[in-house]
Amino acid sequence: MNQFDKDSMHSEGQSNFQDGLQVEGASLTFLESAAKWARFLAIMGFISVGLMVLGGIMAIISGLAMQSGSSNSYGSYAYRRGAESSIWLLGFSYIIMAVIYFFPVKFLYDFAARTLQAVQTRDSIVLQSALESLKTHFKTVGIMTIIGMGLGLLIGFIFFVAIIVNRGRF
């Protein structure tokens with residue numbers, strides 16, 4: 001059961017590999033290399049998530065500082081209120097994006113760690129778990145891409161309608 005072969009790759013809902021699927025030689029080297037690059041990208045992703053959270057917290061703190069500042073420090077009251085709203089919104093947006101971005105990065109890291117473990121121990125169950133993490137990573141990124149494209153199209157349509165409605169007013 002500790003080999004990359006037909007018996008250990010069998011799971012519920014999947015067919016048994018009667019001819020014997022084995023991963024060895026160059027395939028193991030490719031898997032190990034892919035896992036190392038995935039780990040690198042995941043670590044860079046975790047750093048990006050941390051920077052996004054830090055940026056969001058700094059923006060929120062800036063909004064608090066503007067709110068508690070005197071009216072002479074930052075200009076007129078109306079300008080200050082608008083800037084505070086923008087900074088708060090920016091801060092919270094960064095934190096929300098960081099939380100959303102964390103999950104695909106975590107799945108990618110899980111793939112990398114489990115694949116390296118599977119290659120070292122020649123354990124097909126761990127490899128199966130690694131591939132499941134990779135599938136979840138791609139599924140999450142795919143869903144996020146569809147949502148992002150949909151929101152982009154919606155925002156573009158709203159701007160298009162706003163331009164048509166306000167054509168003579170600009």
# chains A, B, ... in the order shown; residues from 1 in each chain; ligands from 1
call {"tool": "residues_around", "arguments": {"residues": "range 101-112 of chain A", "least_positions_apart": "4", "cutoff": "12 Å", "atoms": "only C-alpha atoms", "output": "PyMOL selection string"}}
result
chain A and resi 31-53+93-97+116-119+126-145
call {"tool": "residues_around", "arguments": {"residues": "Leu90 in chain A", "least_positions_apart": "6", "cutoff": "9 Å", "atoms": "only C-alpha atoms", "output": "number ranges by chain"}}
result
A: 56, 59-60
